[in-house]
file run01.tsv (TSV, C-alpha atoms and all ligand atoms)
chain	number	residue	atom	x	y	z
D	1	MET	CA	-12.91	-10.25	-32.89
D	2	VAL	CA	-12.61	-6.72	-34.34
D	3	LYS	CA	-13.12	-5.35	-30.84
D	4	LYS	CA	-10.36	-7.63	-29.51
D	5	ILE	CA	-7.89	-6.50	-32.20
D	6	PHE	CA	-8.77	-2.88	-31.47
D	7	VAL	CA	-8.17	-3.36	-27.73
D	8	LEU	CA	-4.85	-5.09	-28.42
D	9	ALA	CA	-3.79	-2.29	-30.76
D	10	VAL	CA	-4.67	0.38	-28.19
D	11	CYS	CA	-2.73	-1.51	-25.50
D	12	ALA	CA	0.29	-1.93	-27.79
D	13	CYS	CA	0.31	1.80	-28.62
D	14	ALA	CA	-0.01	2.76	-24.95
D	15	PHE	CA	2.75	0.31	-24.06
D	16	ALA	CA	5.07	1.72	-26.74
D	17	ALA	CA	4.23	5.29	-25.75
D	18	GLN	CA	5.03	4.62	-22.10
D	19	ALA	CA	8.24	2.82	-22.95
D	20	GLY	CA	9.30	5.93	-24.87
D	21	LEU	CA	8.65	8.09	-21.83
D	22	GLY	CA	11.23	6.18	-19.79
D	23	GLY	CA	8.76	5.62	-16.97
D	24	ASN	CA	5.16	4.77	-16.22
D	25	MET	CA	2.55	7.47	-16.58
D	26	ASN	CA	0.88	8.21	-13.26
D	27	CYS	CA	-2.79	7.21	-13.30
D	28	GLY	CA	-2.32	5.55	-16.68
D	29	LEU	CA	-2.23	1.83	-17.40
D	30	TRP	CA	0.97	0.16	-16.16
D	31	PHE	CA	1.76	-2.94	-18.17
D	32	ASP	CA	3.57	-5.98	-16.81
D	33	ASP	CA	5.81	-8.32	-18.84
D	34	LYS	CA	2.70	-10.08	-20.17
D	35	GLY	CA	1.06	-6.86	-21.37
D	36	HIS	CA	-1.54	-6.82	-18.57
D	37	HIS	CA	-2.28	-3.81	-16.38
D	38	VAL	CA	-0.53	-4.41	-13.05
D	39	ASN	CA	-3.03	-5.82	-10.54
D	40	ALA	CA	-1.59	-4.90	-7.12
D	41	HIS	CA	-3.81	-2.31	-5.47
D	42	GLY	CA	-3.44	-0.89	-1.96
D	43	GLY	CA	0.06	-2.31	-2.13
D	44	GLY	CA	3.56	-1.93	-0.83
D	45	VAL	CA	7.06	-2.68	-2.12
D	46	LEU	CA	9.84	-4.68	-0.47
D	47	LYS	CA	13.49	-4.63	-1.60
D	48	ASP	CA	14.96	-8.13	-1.41
D	49	GLY	CA	18.39	-8.90	-2.88
D	50	ASP	CA	18.76	-6.89	-6.06
D	51	ALA	CA	15.05	-6.65	-6.90
D	52	TRP	CA	11.93	-4.84	-5.76
D	53	TYR	CA	8.79	-6.84	-4.98
D	54	TRP	CA	5.39	-5.19	-5.22
D	55	PHE	CA	2.49	-6.84	-3.37
D	56	GLY	CA	-1.10	-5.68	-3.69
D	57	GLU	CA	-4.76	-6.59	-3.84
D	58	HIS	CA	-5.67	-8.59	-6.93
D	59	LYS	CA	-8.97	-7.08	-8.08
D	60	ILE	CA	-11.41	-8.39	-10.68
D	61	TYR	CA	-13.92	-6.76	-13.02
D	62	GLY	CA	-17.04	-4.98	-11.79
D	63	ASP	CA	-18.07	-3.39	-8.53
D	64	PHE	CA	-17.77	-6.69	-6.64
D	65	GLY	CA	-14.19	-6.84	-7.92
D	66	ASN	CA	-13.08	-5.20	-4.70
D	67	ARG	CA	-13.69	-8.43	-2.83
D	68	ALA	CA	-10.94	-11.05	-2.76
D	69	TYR	CA	-11.63	-13.83	-5.25
D	70	VAL	CA	-7.96	-14.42	-6.07
D	71	GLY	CA	-5.63	-13.09	-3.36
D	72	VAL	CA	-2.51	-10.97	-3.12
D	73	HIS	CA	-0.57	-10.49	-6.35
D	74	CYS	CA	3.24	-10.12	-6.52
D	75	TYR	CA	5.38	-8.44	-9.19
D	76	SER	CA	9.14	-7.92	-9.30
D	77	SER	CA	11.31	-5.29	-10.92
D	78	LYS	CA	14.94	-4.20	-11.07
D	79	ASP	CA	14.11	-0.58	-11.87
D	80	LEU	CA	10.64	0.13	-10.39
D	81	VAL	CA	9.30	0.73	-13.90
D	82	ASP	CA	9.28	-2.62	-15.74
D	83	TRP	CA	7.31	-5.18	-13.70
D	84	THR	CA	7.38	-8.98	-14.05
D	85	ASP	CA	4.35	-10.94	-12.96
D	86	ARG	CA	5.41	-13.32	-10.15
D	87	GLY	CA	1.93	-14.73	-9.62
D	88	ILE	CA	-0.35	-14.91	-6.61
D	89	ALA	CA	1.64	-14.77	-3.38
D	90	LEU	CA	-1.32	-15.45	-1.07
D	91	SER	CA	-4.32	-17.29	-2.48
D	92	VAL	CA	-7.83	-17.24	-1.10
D	93	THR	CA	-9.39	-20.64	-0.48
D	94	ASN	CA	-12.69	-22.28	-1.41
D	95	GLU	CA	-12.97	-23.83	2.05
D	96	VAL	CA	-16.30	-22.68	3.46
D	97	GLY	CA	-15.97	-20.71	6.69
D	98	HIS	CA	-12.21	-20.22	6.33
D	99	ASP	CA	-10.97	-16.74	7.31
D	100	ILE	CA	-9.73	-16.11	3.77
D	101	GLU	CA	-12.56	-17.83	1.96
D	102	SER	CA	-13.04	-16.57	-1.61
D	103	GLY	CA	-15.34	-13.51	-1.44
D	104	CYS	CA	-13.80	-12.13	1.76
D	105	ILE	CA	-12.11	-8.70	1.74
D	106	ILE	CA	-8.31	-8.53	1.69
D	107	GLU	CA	-6.90	-5.01	1.58
D	108	ARG	CA	-3.62	-3.15	1.91
D	109	PRO	CA	-1.25	-6.15	2.12
D	110	LYS	CA	2.28	-5.29	3.26
D	111	VAL	CA	5.22	-7.69	3.30
D	112	VAL	CA	8.31	-7.38	5.50
D	113	ARG	CA	11.31	-9.64	5.92
D	114	ASN	CA	12.41	-10.69	9.36
D	115	ALA	CA	16.22	-10.64	9.42
D	116	LYS	CA	16.42	-13.00	12.45
D	117	THR	CA	14.15	-15.78	11.17
D	118	GLY	CA	14.67	-15.16	7.45
D	119	LYS	CA	10.86	-15.42	6.99
D	120	TYR	CA	8.70	-13.11	4.92
D	121	VAL	CA	5.66	-11.91	6.82
D	122	MET	CA	2.53	-10.45	5.23
D	123	TYR	CA	0.00	-8.31	7.13
D	124	PHE	CA	-3.32	-7.34	5.55
D	125	HIS	CA	-6.72	-5.93	6.45
D	126	LEU	CA	-9.19	-8.82	6.51
D	127	GLU	CA	-12.96	-8.80	6.52
D	128	LEU	CA	-14.67	-12.17	6.68
D	129	LYS	CA	-16.92	-13.20	3.82
D	130	GLY	CA	-20.42	-11.76	3.98
D	131	LYS	CA	-19.71	-9.49	6.95
D	132	GLY	CA	-19.12	-6.18	5.16
D	133	TYR	CA	-16.49	-4.16	7.01
D	134	SER	CA	-17.74	-5.11	10.47
D	135	GLU	CA	-15.10	-7.63	11.56
D	136	ALA	CA	-12.10	-5.23	11.37
D	137	ARG	CA	-9.35	-7.85	11.60
D	138	VAL	CA	-5.75	-8.11	10.53
D	139	GLY	CA	-4.55	-11.23	8.73
D	140	VAL	CA	-1.02	-12.62	8.99
D	141	ALA	CA	0.65	-14.95	6.47
D	142	VAL	CA	4.20	-16.31	6.24
D	143	ALA	CA	6.55	-17.55	3.51
D	144	ASP	CA	10.09	-18.84	3.12
D	145	LYS	CA	10.51	-17.20	-0.28
D	146	VAL	CA	9.72	-13.57	-1.02
D	147	THR	CA	7.34	-14.45	-3.86
D	148	GLY	CA	5.58	-17.04	-1.71
D	149	PRO	CA	3.47	-19.06	-1.54
D	150	TYR	CA	2.39	-17.37	1.71
D	151	ALA	CA	0.69	-19.66	4.23
D	152	PHE	CA	-2.19	-18.06	6.10
D	153	LEU	CA	-1.32	-18.10	9.81
D	154	LYS	CA	-4.13	-16.34	11.65
D	155	SER	CA	-6.45	-13.37	11.79
D	156	LEU	CA	-7.13	-11.29	14.87
D	157	ARG	CA	-8.02	-7.96	16.36
D	158	PRO	CA	-4.64	-6.72	17.65
D	159	ASN	CA	-4.76	-6.52	21.45
D	160	GLY	CA	-8.55	-6.61	21.03
D	161	TYR	CA	-8.78	-3.44	18.90
D	162	GLU	CA	-10.56	-3.01	15.56
D	163	SER	CA	-8.02	-2.97	12.72
D	164	ARG	CA	-8.88	-1.75	9.22
D	165	ASP	CA	-6.54	0.28	6.94
D	166	GLN	CA	-3.05	-0.72	7.96
D	167	THR	CA	0.64	-0.94	7.26
D	168	VAL	CA	3.80	-2.35	8.84
D	169	PHE	CA	6.87	-0.18	9.25
D	170	VAL	CA	10.30	-1.72	9.95
D	171	ASP	CA	12.72	0.64	11.64
D	172	ASP	CA	16.50	0.70	11.04
D	173	ASP	CA	17.07	-1.33	14.24
D	174	GLY	CA	14.81	-4.13	12.93
D	175	ALA	CA	11.85	-3.36	15.21
D	176	ALA	CA	8.52	-3.55	13.37
D	177	TYR	CA	5.41	-1.50	14.09
D	178	HIS	CA	1.85	-2.21	13.02
D	179	PHE	CA	-0.12	0.98	12.26
D	180	PHE	CA	-3.88	0.54	11.86
D	181	SER	CA	-7.08	2.57	11.76
D	182	SER	CA	-9.10	1.70	14.81
D	183	ASN	CA	-12.01	2.77	16.98
D	184	ARG	CA	-14.36	3.07	13.94
D	185	ASN	CA	-11.43	4.59	12.05
D	186	LYS	CA	-11.37	7.61	14.39
D	187	THR	CA	-7.94	6.76	15.80
D	188	MET	CA	-4.72	5.38	14.37
D	189	ARG	CA	-3.15	2.82	16.69
D	190	ILE	CA	0.46	1.69	16.74
D	191	ILE	CA	1.62	-1.61	18.22
D	192	ARG	CA	5.20	-2.86	18.22
D	193	LEU	CA	5.41	-6.39	16.84
D	194	SER	CA	7.27	-9.26	18.49
D	195	ASP	CA	10.86	-9.94	17.42
D	196	ASP	CA	9.70	-12.54	14.87
D	197	TYR	CA	7.00	-10.10	13.59
D	198	LEU	CA	4.34	-12.77	14.09
D	199	SER	CA	2.46	-11.28	17.03
D	200	HIS	CA	1.62	-8.00	18.74
D	201	THR	CA	3.37	-6.93	21.94
D	202	LYS	CA	1.77	-4.89	24.71
D	203	ASP	CA	3.80	-1.86	23.61
D	204	GLU	CA	1.08	0.31	22.08
D	205	ALA	CA	0.24	3.94	21.40
D	206	VAL	CA	-2.37	6.09	19.67
D	207	MET	CA	-1.88	8.91	17.21
D	208	ALA	CA	-4.11	11.30	15.30
D	209	ASP	CA	-6.85	10.69	17.85
D	210	GLY	CA	-10.15	11.83	16.37
D	211	ASP	CA	-8.63	12.69	12.97
D	212	LYS	CA	-10.20	9.70	11.16
D	213	THR	CA	-6.94	8.99	9.38
D	214	GLU	CA	-6.78	6.04	7.01
D	215	ALA	CA	-4.36	4.70	4.39
D	216	PRO	CA	-1.19	5.05	6.51
D	217	ALA	CA	2.18	5.24	4.72
D	218	ILE	CA	5.34	5.70	6.77
D	219	CYS	CA	9.00	6.50	6.30
D	220	ARG	CA	12.02	7.61	8.29
D	221	LYS	CA	14.44	10.32	7.21
D	222	ASP	CA	17.19	12.09	9.17
D	223	GLY	CA	15.89	11.17	12.60
D	224	TRP	CA	12.26	12.00	11.82
D	225	TYR	CA	9.41	9.57	11.19
D	226	TYR	CA	6.73	10.76	8.76
D	227	LEU	CA	3.25	9.44	8.11
D	228	ILE	CA	1.05	10.34	5.16
D	229	GLY	CA	-2.59	9.30	5.34
D	230	SER	CA	-6.02	10.13	4.00
D	231	GLY	CA	-9.35	11.12	5.45
D	232	CYS	CA	-12.15	8.60	5.74
D	233	THR	CA	-14.44	8.78	2.68
D	234	GLY	CA	-14.31	5.22	1.35
D	235	TRP	CA	-13.23	4.94	-2.30
D	236	MET	CA	-13.70	8.68	-2.84
D	237	SER	CA	-10.58	10.79	-2.67
D	238	ASN	CA	-10.19	13.48	-0.02
D	239	PRO	CA	-7.37	15.77	1.19
D	240	ALA	CA	-4.30	13.89	2.44
D	241	ARG	CA	-2.67	14.75	5.76
D	242	SER	CA	0.79	14.25	7.21
D	243	TYR	CA	2.39	13.86	10.63
D	244	ARG	CA	5.89	13.61	12.07
D	245	ALA	CA	7.44	12.15	15.19
D	246	LYS	CA	10.82	11.43	16.74
D	247	SER	CA	9.83	7.83	17.47
D	248	PRO	CA	7.42	5.40	15.74
D	249	MET	CA	5.44	5.31	19.00
D	250	GLY	CA	5.03	9.09	18.91
D	251	PRO	CA	4.04	11.60	20.03
D	252	TRP	CA	3.00	12.45	16.45
D	253	GLU	CA	2.60	16.05	15.43
D	254	ARG	CA	0.10	17.17	12.78
D	255	LEU	CA	1.70	18.80	9.71
D	256	GLY	CA	-1.19	19.32	7.29
D	257	ASN	CA	-1.69	18.39	3.66
D	258	PRO	CA	1.60	17.24	2.04
D	259	CYS	CA	0.36	17.37	-1.56
D	260	VAL	CA	1.55	20.06	-3.96
D	261	ARG	CA	0.54	20.87	-7.56
D	262	VAL	CA	-2.30	19.66	-9.75
D	263	ASN	CA	-2.62	16.52	-11.83
D	264	PRO	CA	-3.34	18.10	-15.22
D	265	ALA	CA	-5.07	14.95	-16.49
D	266	SER	CA	-7.76	15.01	-13.78
D	267	GLY	CA	-7.60	18.72	-12.91
D	268	LEU	CA	-7.43	17.61	-9.26
D	269	GLY	CA	-4.90	18.91	-6.76
D	270	PRO	CA	-4.21	18.69	-3.00
D	271	GLU	CA	-7.91	19.16	-2.13
D	272	ARG	CA	-8.53	15.65	-3.51
D	273	THR	CA	-5.00	14.14	-3.45
D	274	TRP	CA	-5.12	14.30	-7.29
D	275	GLY	CA	-8.02	11.80	-7.15
D	276	CYS	CA	-5.85	9.29	-5.25
D	277	GLN	CA	-5.26	7.76	-1.80
D	278	SER	CA	-1.94	6.91	-0.15
D	279	THR	CA	-0.78	3.33	0.36
D	280	PHE	CA	3.00	3.21	0.98
D	281	ILE	CA	6.21	5.21	1.08
D	282	LEU	CA	9.09	3.44	-0.59
D	283	LYS	CA	12.65	4.31	0.36
D	284	VAL	CA	14.49	3.95	-2.95
D	285	SER	CA	17.85	5.20	-1.66
D	286	ASP	CA	19.08	7.31	1.26
D	287	SER	CA	17.99	10.43	-0.58
D	288	ASP	CA	15.08	9.22	-2.76
D	289	TYR	CA	11.66	8.22	-1.55
D	290	LEU	CA	8.52	7.53	-3.58
D	291	ALA	CA	5.05	8.00	-2.16
D	292	MET	CA	2.70	5.39	-3.62
D	293	PHE	CA	-0.98	6.19	-4.21
D	294	ASP	CA	-3.98	4.34	-5.63
D	295	MET	CA	-6.57	5.89	-7.88
D	296	TRP	CA	-9.55	3.65	-7.15
D	297	ARG	CA	-12.13	2.67	-9.75
D	298	PRO	CA	-14.75	1.14	-7.45
D	299	LYS	CA	-17.24	0.42	-10.27
D	300	ASN	CA	-14.63	-1.63	-12.13
D	301	ALA	CA	-12.06	-2.44	-9.48
D	302	ILE	CA	-9.49	-4.07	-11.76
D	303	ASP	CA	-9.11	-0.77	-13.63
D	304	GLY	CA	-7.72	1.03	-10.55
D	305	ARG	CA	-4.61	3.09	-11.30
D	306	TYR	CA	-1.38	3.98	-9.54
D	307	ALA	CA	0.52	7.21	-8.95
D	308	TRP	CA	4.05	7.11	-7.52
D	309	VAL	CA	5.20	10.59	-6.67
D	310	PRO	CA	8.61	11.69	-5.33
D	311	VAL	CA	8.80	12.77	-1.71
D	312	THR	CA	10.40	16.09	-0.76
D	313	PHE	CA	11.67	16.70	2.75
D	314	THR	CA	11.76	20.42	3.47
D	315	ASP	CA	14.47	22.27	5.40
D	316	ASP	CA	12.09	22.63	8.35
D	317	ASN	CA	11.51	18.85	8.44
D	318	LYS	CA	8.14	18.61	6.78
D	319	ILE	CA	7.12	16.12	4.12
D	320	GLU	CA	5.74	17.13	0.73
D	321	VAL	CA	4.73	15.26	-2.41
D	322	HIS	CA	4.89	17.28	-5.60
D	323	TRP	CA	2.78	15.84	-8.42
D	324	LYS	CA	4.68	14.46	-11.42
D	325	ASP	CA	3.15	12.96	-14.55
D	326	ILE	CA	5.79	10.28	-15.00
D	327	VAL	CA	7.31	7.92	-12.42
D	328	GLU	CA	11.03	8.61	-12.36
D	329	PRO	CA	12.60	6.61	-9.55
D	330	ARG	CA	15.77	8.57	-8.95
D	331	GLY	CA	18.67	6.65	-7.45
D	332	VAL	CA	17.78	3.54	-9.47
D	333	SER	CA	19.84	2.75	-12.53
D	334	ARG	CA	17.96	1.79	-15.66
Z	401	LIG	C1	-11.17	3.27	2.09
Z	401	LIG	C2	-9.98	2.42	2.45
Z	401	LIG	C3	-9.84	1.33	1.41
Z	401	LIG	C4	-11.16	0.56	1.39
Z	401	LIG	C5	-12.32	1.49	1.11
Z	401	LIG	C6	-13.66	0.77	1.13
Z	401	LIG	O1	-11.37	4.30	3.00
Z	401	LIG	O2	-8.82	3.20	2.50
Z	401	LIG	O3	-8.75	0.52	1.70
Z	401	LIG	O4	-11.35	-0.07	2.63
Z	401	LIG	O5	-12.34	2.51	2.08
Z	401	LIG	O6	-14.72	1.67	1.00
call {"tool": "encode", "arguments": {"input": "run01.tsv", "output": "structure tokens", "more": "lines below"}}
Ligand code: GAL
result
Amino acid sequence: MVKKIFVLAVCACAFAAQAGLGGNMNCGLWFDDKGHHVNAHGGGVLKDGDAWYWFGEHKIYGDFGNRAYVGVHCYSSKDLVDWTDRGIALSVTNEVGHDIESGCIIERPKVVRNAKTGKYVMYFHLELKGKGYSEARVGVAVADKVTGPYAFLKSLRPNGYESRDQTVFVDDDGAAYHFFSSNRNKTMRIIRLSDDYLSHTKDEAVMADGDKTEAPAICRKDGWYYLIGSGCTGWMSNPARSYRAKSPMGPWERLGNPCVRVNPASGLGPERTWGCQSTFILKVSDSDYLAMFDMWRPKNAIDGRYAWVPVTFTDDNKIEVHWKDIVEPRGVSR
């Protein structure tokens, strides 16, 4: 009981302290409207109407908390700082042998809206229960409402290729591209999706061949496409890397490590991506972009943290992310 009161008091103080800062503290606890640490890891954010929707892996306590026992969690916000719990958008099932049976692995979910069909489409890395990371599949789920519920549609290896860390990027013309680590994570593959975003076309390309790039996060700015990714060291952080291209299908040019400055709390800088790994680049406005990172806590997965850091585009068309302690989404009124 005493322990419970102590924990509540600590949470309340942290909550009040963060509220005073006017933004969430990177790599700190981020509280939702119920006072719980946001549970949306490896996530991405979709703007729909006048709100932002954050989808991510719902993790549980302990080192097995990285497996999916709940599903994909959704939160909404009007300012990218205060998050309302919108519940589980995609739930795992207890049906034995089902692709998303409880205990499978669901990672890096990304939701996009198809303007033609009006449907919300979720892509995620799926590993079948009990198979480790050997199946290398992508899962697809669909909903009529942004918050779900999302109905599981299928899982597959796109055009026969292994698919692990992944994201979906929707270009200004509405075309969507699936980026995924393939070929034992040595190569990043890109496949254009069908017009309804529900299947892969034969339009495919490779990038970063041999680089072992994971954790892809993509954006477009002033005619350039940029990708930030990580190296391949599991839950352990490593130096990030960046690329640019004139088309989503490439050719992609290597740009080097985009990270700048040190996170004073961890003492880690670009050599370890501040202890984090990329997951998404959010376009907040025409001029403001936020690069989203996870700080994993593999021994107690639910305690994983987030760092959302502003993106800088340099005069010579390179992408940089300069560490900041507090999330300040410029271009968004509070
Ligand atoms: C990372 C990957 C994560 C997760 C982890 C498992 O490299 O980016 O999404 O799959 O490996 O060890």
call {"tool": "residues_around", "arguments": {"input": "run01.tsv", "residues": "Trp323 in chain D", "least_positions_apart": "2", "cutoff": "10 Å", "atoms": "all atoms listed in the file", "output": "list in words"}}
result
Asn26, Cys259, Val260, Arg261, Val262, Asn263, Pro264, Gly269, Pro270, Thr273, Trp274, Ala307, Trp308, Val309, Pro310, Val311, Glu320, Val321, Asp325, Ile326 and Val327 of chain D
call {"tool": "atom_distance", "arguments": {"input": "run01.tsv", "atom1": "atom O4 of ligand LIG 401 (chain Z)", "atom2": "CA of Asp48 in chain D"}}
result
27.8 Å
call {"tool": "residues_near_ligand", "arguments": {"input": "run01.tsv", "ligand": "ligand LIG 401 (chain Z)", "cutoff": "6 Å", "atoms": "all atoms listed in the file", "output": "PyMOL selection string"}}
result
chain D and resi 107+165+214-215+232-235
call {"tool": "atom_distance", "arguments": {"input": "run01.tsv", "atom1": "CA of Lys186 in chain D", "atom2": "CA of Trp252 in chain D"}}
result
15.3 Å
call {"tool": "atom_distance", "arguments": {"input": "run01.tsv", "atom1": "CA of Asp195 in chain D", "atom2": "CA of Met122 in chain D"}}
result
14.8 Å
call {"tool": "closest_residue", "arguments": {"input": "run01.tsv", "among": "D:Leu46, D:Asn257, D:Lys212, D:Asp82", "to": "Glu328 in chain D", "atoms": "all atoms listed in the file"}}
result
D:Asp82
call {"tool": "residues_around", "arguments": {"input": "run01.tsv", "residues": "range 289-299 of chain D", "least_positions_apart": "2", "cutoff": "7 Å", "atoms": "all atoms listed in the file", "output": "list in words"}}
result
Cys27, His41, Gly42, Gly62, Asp63, Trp235, Gly275, Cys276, Gln277, Ser278, Thr279, Phe280, Ile281, Leu282, Lys283, Val284, Ser285, Ser287, Ala301, Asp303, Gly304, Arg305, Tyr306, Ala307, Trp308, Val309, Pro310 and Val311 of chain D
call {"tool": "residues_around", "arguments": {"input": "run01.tsv", "residues": "range 111-120 of chain D", "least_positions_apart": "5", "cutoff": "12 Å", "atoms": "all atoms listed in the file", "output": "PyMOL selection string"}}
result
chain D and resi 43-49+52-56+72-74+89-90+139-151+166-178+193-198+280
call {"tool": "closest_residue", "arguments": {"input": "run01.tsv", "among": "D:Val332, D:Ala208, D:Leu153, D:Ile105", "to": "Gly231 in chain D", "atoms": "all atoms listed in the file"}}
result
D:Ala208
call {"tool": "closest_residue", "arguments": {"input": "run01.tsv", "among": "D:Gly250, D:Glu271, D:Asn238, D:Ile302", "to": "Tyr69 in chain D", "atoms": "only C-alpha atoms"}}
result
D:Ile302
call {"tool": "axis_aligned_box", "arguments": {"input": "run01.tsv", "around": "range 185-193 of chain D", "padding_each_side": "3 Å", "output": "JSON"}}
result
{"center_x": -3.0, "center_y": 0.6, "center_z": 15.1, "size_x": 22.8, "size_y": 20.0, "size_z": 12.2}
call {"tool": "closest_residue", "arguments": {"input": "run01.tsv", "among": "D:Asp316, D:Glu162, D:Asp209, D:Asp85", "to": "Asp33 in chain D", "atoms": "only C-alpha atoms"}}
result
D:Asp85
call {"tool": "closest_residue", "arguments": {"input": "run01.tsv", "among": "D:Val138, D:Val38, D:Val206, D:Cys104", "to": "Asn66 in chain D", "atoms": "all atoms listed in the file"}}
result
D:Cys104
call {"tool": "residues_around", "arguments": {"input": "run01.tsv", "residues": "Arg137 in chain D", "least_positions_apart": "3", "cutoff": "12 Å", "atoms": "all atoms listed in the file", "output": "count of residues only"}}
result
33
call {"tool": "closest_residue", "arguments": {"input": "run01.tsv", "among": "D:Met25, D:Met207, D:Val96, D:Met188", "to": "Ala265 in chain D", "atoms": "all atoms listed in the file"}}
result
D:Met25
call {"tool": "decode", "arguments": {"input": "run01.tsv", "residues": "range 64-83 of chain D", "atoms": "N, CA and C atoms", "output": "short mmCIF file (atom, residue, chain, number, x, y, z; two decimals), in the first residue's frame"}}
result
data_model
loop_
_atom_site.label_atom_id
_atom_site.label_comp_id
_atom_site.auth_asym_id
_atom_site.auth_seq_id
_atom_site.Cartn_x
_atom_site.Cartn_y
_atom_site.Cartn_z
N PHE D 64 9.64 -10.82 -21.74
CA PHE D 64 8.76 -11.39 -22.78
C PHE D 64 7.70 -10.36 -23.20
N GLY D 65 7.78 -9.18 -22.57
CA GLY D 65 6.83 -8.11 -22.89
C GLY D 65 6.97 -7.56 -24.29
N ASN D 66 8.03 -7.98 -24.99
CA ASN D 66 8.19 -7.56 -26.38
C ASN D 66 7.31 -8.34 -27.33
N ARG D 67 6.79 -9.47 -26.86
CA ARG D 67 5.86 -10.22 -27.72
C ARG D 67 4.47 -9.60 -27.62
N ALA D 68 3.64 -9.88 -28.60
CA ALA D 68 2.31 -9.24 -28.66
C ALA D 68 1.29 -10.08 -27.90
N TYR D 69 0.92 -9.60 -26.72
CA TYR D 69 -0.15 -10.25 -25.94
C TYR D 69 -1.40 -9.38 -25.93
N VAL D 70 -1.31 -8.18 -26.50
CA VAL D 70 -2.44 -7.26 -26.50
C VAL D 70 -2.73 -6.79 -27.93
N GLY D 71 -1.77 -6.13 -28.56
CA GLY D 71 -1.98 -5.69 -29.94
C GLY D 71 -1.33 -4.35 -30.22
N VAL D 72 -2.00 -3.57 -31.04
CA VAL D 72 -1.50 -2.24 -31.42
C VAL D 72 -2.35 -1.19 -30.72
N HIS D 73 -1.68 -0.32 -29.98
CA HIS D 73 -2.37 0.68 -29.16
C HIS D 73 -2.50 2.00 -29.95
N CYS D 74 -3.59 2.72 -29.73
CA CYS D 74 -3.80 4.00 -30.42
C CYS D 74 -4.04 5.11 -29.39
N TYR D 75 -3.44 6.25 -29.63
CA TYR D 75 -3.64 7.46 -28.82
C TYR D 75 -3.96 8.61 -29.77
N SER D 76 -4.68 9.62 -29.27
CA SER D 76 -4.91 10.79 -30.12
C SER D 76 -4.51 12.06 -29.37
N SER D 77 -4.23 13.09 -30.15
CA SER D 77 -3.78 14.35 -29.56
C SER D 77 -4.09 15.50 -30.52
N LYS D 78 -4.31 16.67 -29.95
CA LYS D 78 -4.49 17.86 -30.80
C LYS D 78 -3.19 18.66 -30.89
N ASP D 79 -2.23 18.33 -30.01
CA ASP D 79 -1.03 19.16 -29.95
C ASP D 79 0.28 18.36 -29.93
N LEU D 80 0.19 17.06 -30.07
CA LEU D 80 1.36 16.17 -30.08
C LEU D 80 2.08 16.12 -28.73
N VAL D 81 1.45 16.63 -27.70
CA VAL D 81 2.05 16.59 -26.36
C VAL D 81 1.12 15.88 -25.38
N ASP D 82 -0.16 16.26 -25.38
CA ASP D 82 -1.13 15.63 -24.48
C ASP D 82 -1.84 14.52 -25.24
N TRP D 83 -1.73 13.28 -24.77
CA TRP D 83 -2.23 12.12 -25.50
C TRP D 83 -3.40 11.46 -24.78
#
